[in-house]
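Accompanying notes for the structure given below.
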Amino acid sequence: MPEGFDAGDTAFVLTSAALVMLMTPGLAFFYGGMVRAKSVVNMLLMSFVSLGIVSVLWVAYGYSLAFGEDVGGRGLIGDLSNVGLSGISDTTLTGSVPVLAFAVFQMMFAVITPALISGAIADRTKFGAWMLFVALWVTVVYFPVAHWVWQSGGWIFKLGVKDFAGGTAVHINAGMAALGALLVLGNRVGFRRESMRAHSLPLVMLGSGLLWFGWFGFNAGSALAANGTASVAFMNTQVAAGAGMIGWLVWERVRKGGFTSLGAASGAVAGLVAITPACAVVNIWGAIAIGVIAGVGCAWAVSLKDRFGYDDSLDVVAVHAFGGVVGTLLIGVFDVTDGLVAGAGAGQLLKQAIGAFAVAAYSLALTWLLVKIIDVTIGFRVARSDEVTGVDQVLHTENAYDFATREADADPVGTIGTWSHSPTARHQSVGGANGPSAH
């Protein structure tokens, strides 16, 4: 290997990439548990298919657009010099690790970001249209924004905006894209009239645990070396997630009179989202503060969909857009890289705001346009009758749970009653359409 190569750092980055990859199936479980029983398969697949589509596009041209040399010095997009990863070998280094290790690590960020969007438009999306959207969205939104934020020639990078692991490029980007998509597709059938309770809280808890576990690769891995910076990011990630959980639970107890497992899971994710851009530049107390602020703030932000009437099915806007903005802006308050709390001051806060809101505006506008084009051409939303029946059965010809077999085993002579032979009734009998909204 060439001079400068470090086997330990390389192993660390590759392991971190594997952890980030696990976050996408974890997200699938997290979202899958929050939807109704008749939409579980669709929700799982909307996350899982991103692993296939984005992985291929990343090596085809995505890496080059995101991390290739800047075109024209404007900081907007990379060139195509690395199409198909051309010009990169196993001996090409970035820092102390092979470029291929860095590329596969960043690939996993690109994979999970569009998957995050899916939770906002659950229960009503054509799967083929979703696949097309993922391919187009990463091409015209994610790859350019990643270039802005993380490539040394990107305009946000050159401005001095700090985003260690993806508060802007991943979370604000996905959260605002979710808002753009749901504004085009509209609300679910029965929104505000029917209760739409999470059908499986155990799946939600499992998914949030996998996300939490994988997030250590997401944040600590962004140091690209097994060093002190990675250690700081790891510790801050853990305490911010815990603080976010506590903040959300306290908010629930005060506002609703009880503590919920869904609130605990959502609060932890809110803390993780907010600490992502700041995990390497704040101290422990700053991380705790960011986590608490995000937990309480995101719990409050969930209520905005009722106030403004938009149907963000699984609260992607509240957790990822709002939480990403909170974490990005609070770098300007808690940054200690200059040796002082609030050492960055108003100047850094302004830079953070410019970066956050530029990404938010770009993602919202381009996503709205993409979804609108797909919707008026091939159709993005399923028919009303198909939505009522359930997208799992209509789009995928399968269900997450074999209700018919379970009913037959429990009642082999058919004495339970004829109601159970209705697909809609079977779904509703297990809570698929009962109870309050996801949060």
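Lettering and numbering for the structure tokens are positional, with chains as A, B, ... in the shown order, residues counted from 1 in each chain, and ligands counted from 1 in the shown order.
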
- Message: I want to know what sits within 8 Å of region 268-271 of chain A, based on only C-alpha atoms, with residues of the same chain fewer than 2 positions away left out; could you give that as a list in words?
- Response: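 Here the answer would be Ser208, Leu211, Trp212, Ala240, Ala241, Gly242, Ala243, Gly244, Met245, Ala264, Ala265, Ser266, Val273, Ala274, Ile275, Ile290, Gly291, Val292, Ala294, Gly295, Cys298, Val319, His320 and Gly323 of chain A.
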
- Residue contacts of region 214-218 of chain A (6 Å, only C-alpha atoms) excluding same-chain residues fewer than 6 positions away, as an NGL selection string: :A and (16 or 19-20 or 23 or 234)

Given the selection you just returned, output its residues as a file containing all heavy atoms, formatted as a PDB file, in the first residue's frame.
```pdb
ATOM      1  N   SER A  16     -17.771   1.327   9.873  1.00  0.00           N
ATOM      2  CA  SER A  16     -18.761   2.406   9.972  1.00  0.00           C
ATOM      3  C   SER A  16     -19.713   2.381   8.787  1.00  0.00           C
ATOM      4  O   SER A  16     -20.926   2.610   8.939  1.00  0.00           O
ATOM      5  CB  SER A  16     -18.054   3.758  10.049  1.00  0.00           C
ATOM      6  OG  SER A  16     -17.281   3.866  11.228  1.00  0.00           O
ATOM      7  N   LEU A  19     -22.276  -0.191   9.418  1.00  0.00           N
ATOM      8  CA  LEU A  19     -23.246   0.276  10.398  1.00  0.00           C
ATOM      9  C   LEU A  19     -24.269   1.209   9.760  1.00  0.00           C
ATOM     10  O   LEU A  19     -25.475   1.127  10.046  1.00  0.00           O
ATOM     11  CB  LEU A  19     -22.532   0.994  11.545  1.00  0.00           C
ATOM     12  CG  LEU A  19     -21.742   0.121  12.514  1.00  0.00           C
ATOM     13  CD1 LEU A  19     -20.923   0.987  13.468  1.00  0.00           C
ATOM     14  CD2 LEU A  19     -22.679  -0.779  13.304  1.00  0.00           C
ATOM     15  N   VAL A  20     -23.807   2.101   8.897  1.00  0.00           N
ATOM     16  CA  VAL A  20     -24.730   3.016   8.232  1.00  0.00           C
ATOM     17  C   VAL A  20     -25.655   2.252   7.290  1.00  0.00           C
ATOM     18  O   VAL A  20     -26.841   2.560   7.170  1.00  0.00           O
ATOM     19  CB  VAL A  20     -23.972   4.122   7.469  1.00  0.00           C
ATOM     20  CG1 VAL A  20     -24.955   5.084   6.800  1.00  0.00           C
ATOM     21  CG2 VAL A  20     -23.063   4.895   8.416  1.00  0.00           C
ATOM     22  N   MET A  23     -28.652   0.956   9.004  1.00  0.00           N
ATOM     23  CA  MET A  23     -29.670   1.945   9.349  1.00  0.00           C
ATOM     24  C   MET A  23     -30.857   1.915   8.396  1.00  0.00           C
ATOM     25  O   MET A  23     -31.989   2.229   8.797  1.00  0.00           O
ATOM     26  CB  MET A  23     -29.054   3.339   9.364  1.00  0.00           C
ATOM     27  CG  MET A  23     -28.058   3.564  10.480  1.00  0.00           C
ATOM     28  SD  MET A  23     -27.249   5.181  10.362  1.00  0.00           S
ATOM     29  CE  MET A  23     -28.605   6.270  10.813  1.00  0.00           C
ATOM     30  N   PHE A 234     -18.738   9.946  18.900  1.00  0.00           N
ATOM     31  CA  PHE A 234     -19.435   8.772  19.428  1.00  0.00           C
ATOM     32  C   PHE A 234     -20.116   9.114  20.752  1.00  0.00           C
ATOM     33  O   PHE A 234     -21.314   8.845  20.950  1.00  0.00           O
ATOM     34  CB  PHE A 234     -18.430   7.628  19.620  1.00  0.00           C
ATOM     35  CG  PHE A 234     -19.037   6.262  19.757  1.00  0.00           C
ATOM     36  CD1 PHE A 234     -18.826   5.293  18.792  1.00  0.00           C
ATOM     37  CD2 PHE A 234     -19.806   5.933  20.871  1.00  0.00           C
ATOM     38  CE1 PHE A 234     -19.374   4.023  18.912  1.00  0.00           C
ATOM     39  CE2 PHE A 234     -20.357   4.673  21.004  1.00  0.00           C
ATOM     40  CZ  PHE A 234     -20.139   3.709  20.022  1.00  0.00           C
TER      41      PHE A 234
END
```

- So which bits of region 8-85 of chain A end up helix (DSSP H, G or I) when you DSSP the backbone, as number ranges by chain? A: 8-34, 37-67, 83-85

- Task: Considering only C-alpha atoms, return as an NGL selection string whatever protein or nucleic-acid residues lie within 12 Å of Gly167 (chain A), sequence-local ones (same chain, fewer than 3 positions apart) excluded.
- Result: :A and (109 or 113 or 145-146 or 149-150 or 161-164 or 170-175 or 218-219 or 270-279 or 319-331 or 352-353 or 355-357 or 359-360)

Export of prior selection with N, CA and C atoms as a compact mmCIF listing (two decimals), in the first residue's frame:
```txt
# COMPACT_ATOMS: atom_id res chain seq x y z
N PHE A 109 -24.80 6.94 3.06
CA PHE A 109 -25.53 8.17 3.35
C PHE A 109 -26.52 8.45 2.22
N THR A 113 -30.89 8.57 2.70
CA THR A 113 -31.54 9.88 2.64
C THR A 113 -32.88 9.85 1.91
N VAL A 145 -26.40 18.56 -3.50
CA VAL A 145 -26.32 19.09 -2.14
C VAL A 145 -25.12 18.50 -1.40
N ALA A 146 -24.86 17.22 -1.58
CA ALA A 146 -23.68 16.61 -0.96
C ALA A 146 -22.41 17.31 -1.44
N VAL A 149 -22.02 20.68 0.38
CA VAL A 149 -21.76 20.61 1.82
C VAL A 149 -20.40 20.01 2.14
N TRP A 150 -19.99 18.95 1.41
CA TRP A 150 -18.84 18.16 1.84
C TRP A 150 -17.63 18.20 0.92
N VAL A 161 -19.73 26.78 6.53
CA VAL A 161 -20.80 26.11 7.27
C VAL A 161 -20.28 24.78 7.81
N LYS A 162 -20.55 24.51 9.07
CA LYS A 162 -20.09 23.27 9.69
C LYS A 162 -21.22 22.24 9.68
N ASP A 163 -20.96 21.10 9.07
CA ASP A 163 -21.90 19.99 9.06
C ASP A 163 -21.08 18.71 9.07
N PHE A 164 -20.81 18.19 10.25
CA PHE A 164 -19.88 17.09 10.37
C PHE A 164 -20.38 15.82 9.72
N VAL A 170 -28.35 15.49 4.69
CA VAL A 170 -29.22 14.33 4.90
C VAL A 170 -30.56 14.74 5.50
N HIS A 171 -30.55 15.33 6.69
CA HIS A 171 -31.80 15.46 7.44
C HIS A 171 -32.66 16.64 6.99
N ILE A 172 -32.09 17.83 6.87
CA ILE A 172 -32.89 18.94 6.34
C ILE A 172 -33.30 18.63 4.90
N ASN A 173 -32.40 18.08 4.15
CA ASN A 173 -32.67 17.71 2.76
C ASN A 173 -33.85 16.76 2.66
N ALA A 174 -33.81 15.67 3.42
CA ALA A 174 -34.89 14.68 3.37
C ALA A 174 -36.18 15.23 3.97
N GLY A 175 -36.07 15.97 5.07
CA GLY A 175 -37.27 16.48 5.72
C GLY A 175 -38.03 17.46 4.85
N PHE A 218 -22.57 6.40 11.44
CA PHE A 218 -22.94 7.62 10.74
C PHE A 218 -22.12 8.81 11.23
N ASN A 219 -22.07 8.98 12.55
CA ASN A 219 -21.42 10.16 13.12
C ASN A 219 -19.93 9.96 13.40
N ALA A 270 -34.92 12.02 17.34
CA ALA A 270 -34.81 13.48 17.24
C ALA A 270 -33.46 13.96 17.77
N GLY A 271 -33.03 13.39 18.90
CA GLY A 271 -31.72 13.76 19.43
C GLY A 271 -30.59 13.37 18.50
N LEU A 272 -30.71 12.21 17.87
CA LEU A 272 -29.70 11.75 16.93
C LEU A 272 -29.63 12.66 15.71
N VAL A 273 -30.79 13.05 15.20
CA VAL A 273 -30.83 13.94 14.05
C VAL A 273 -30.13 15.26 14.37
N ALA A 274 -30.47 15.84 15.51
CA ALA A 274 -29.95 17.17 15.84
C ALA A 274 -28.46 17.17 16.12
N ILE A 275 -27.95 16.10 16.71
CA ILE A 275 -26.52 16.07 17.04
C ILE A 275 -25.66 15.75 15.82
N THR A 276 -26.25 15.24 14.77
CA THR A 276 -25.48 14.80 13.61
C THR A 276 -24.54 15.88 13.05
N PRO A 277 -25.00 17.09 12.78
CA PRO A 277 -24.07 18.08 12.23
C PRO A 277 -23.07 18.60 13.26
N ALA A 278 -23.40 18.45 14.56
CA ALA A 278 -22.63 19.11 15.61
C ALA A 278 -21.77 18.17 16.43
N CYS A 279 -21.82 16.88 16.15
CA CYS A 279 -21.28 15.89 17.09
C CYS A 279 -19.78 16.02 17.34
N VAL A 319 -39.44 15.69 12.63
CA VAL A 319 -38.23 15.11 13.22
C VAL A 319 -36.98 15.45 12.42
N HIS A 320 -37.03 15.28 11.11
CA HIS A 320 -35.81 15.43 10.32
C HIS A 320 -35.57 16.86 9.84
N ALA A 321 -36.59 17.52 9.31
CA ALA A 321 -36.39 18.91 8.89
C ALA A 321 -36.19 19.80 10.10
N PHE A 322 -37.11 19.75 11.05
CA PHE A 322 -37.01 20.61 12.23
C PHE A 322 -35.78 20.24 13.06
N GLY A 323 -35.59 18.94 13.31
CA GLY A 323 -34.43 18.51 14.10
C GLY A 323 -33.12 18.85 13.42
N GLY A 324 -33.07 18.71 12.09
CA GLY A 324 -31.85 19.05 11.37
C GLY A 324 -31.52 20.53 11.45
N VAL A 325 -32.56 21.37 11.36
CA VAL A 325 -32.36 22.81 11.48
C VAL A 325 -31.88 23.16 12.89
N VAL A 326 -32.50 22.55 13.91
CA VAL A 326 -32.10 22.81 15.30
C VAL A 326 -30.61 22.50 15.49
N GLY A 327 -30.19 21.31 15.08
CA GLY A 327 -28.79 20.93 15.27
C GLY A 327 -27.82 21.78 14.48
N THR A 328 -28.21 22.13 13.27
CA THR A 328 -27.33 22.96 12.43
C THR A 328 -27.17 24.36 13.00
N LEU A 329 -28.26 24.95 13.44
CA LEU A 329 -28.19 26.30 13.98
C LEU A 329 -27.48 26.34 15.33
N LEU A 330 -27.69 25.33 16.15
CA LEU A 330 -27.11 25.36 17.50
C LEU A 330 -25.60 25.18 17.50
N ILE A 331 -25.02 24.82 16.36
CA ILE A 331 -23.56 24.85 16.26
C ILE A 331 -23.07 26.28 16.53
N GLN A 352 -24.42 29.19 9.45
CA GLN A 352 -25.21 27.96 9.61
C GLN A 352 -26.63 28.17 9.08
N ALA A 353 -27.20 29.33 9.35
CA ALA A 353 -28.55 29.61 8.88
C ALA A 353 -28.62 29.65 7.36
N GLY A 355 -26.65 28.09 5.22
CA GLY A 355 -26.53 26.73 4.72
C GLY A 355 -27.81 25.94 4.92
N ALA A 356 -28.39 26.03 6.11
CA ALA A 356 -29.59 25.25 6.43
C ALA A 356 -30.76 25.64 5.54
N PHE A 357 -31.00 26.94 5.42
CA PHE A 357 -32.19 27.38 4.70
C PHE A 357 -32.01 27.33 3.18
N VAL A 359 -30.38 24.82 1.66
CA VAL A 359 -30.68 23.41 1.38
C VAL A 359 -32.17 23.16 1.50
N ALA A 360 -32.80 23.74 2.52
CA ALA A 360 -34.24 23.54 2.72
C ALA A 360 -35.03 24.05 1.52
```

- What does the distance between CA of Ser47 (chain A) and CA of Tyr362 (chain A) come to in Å, to one decimal place? 22.8 Å
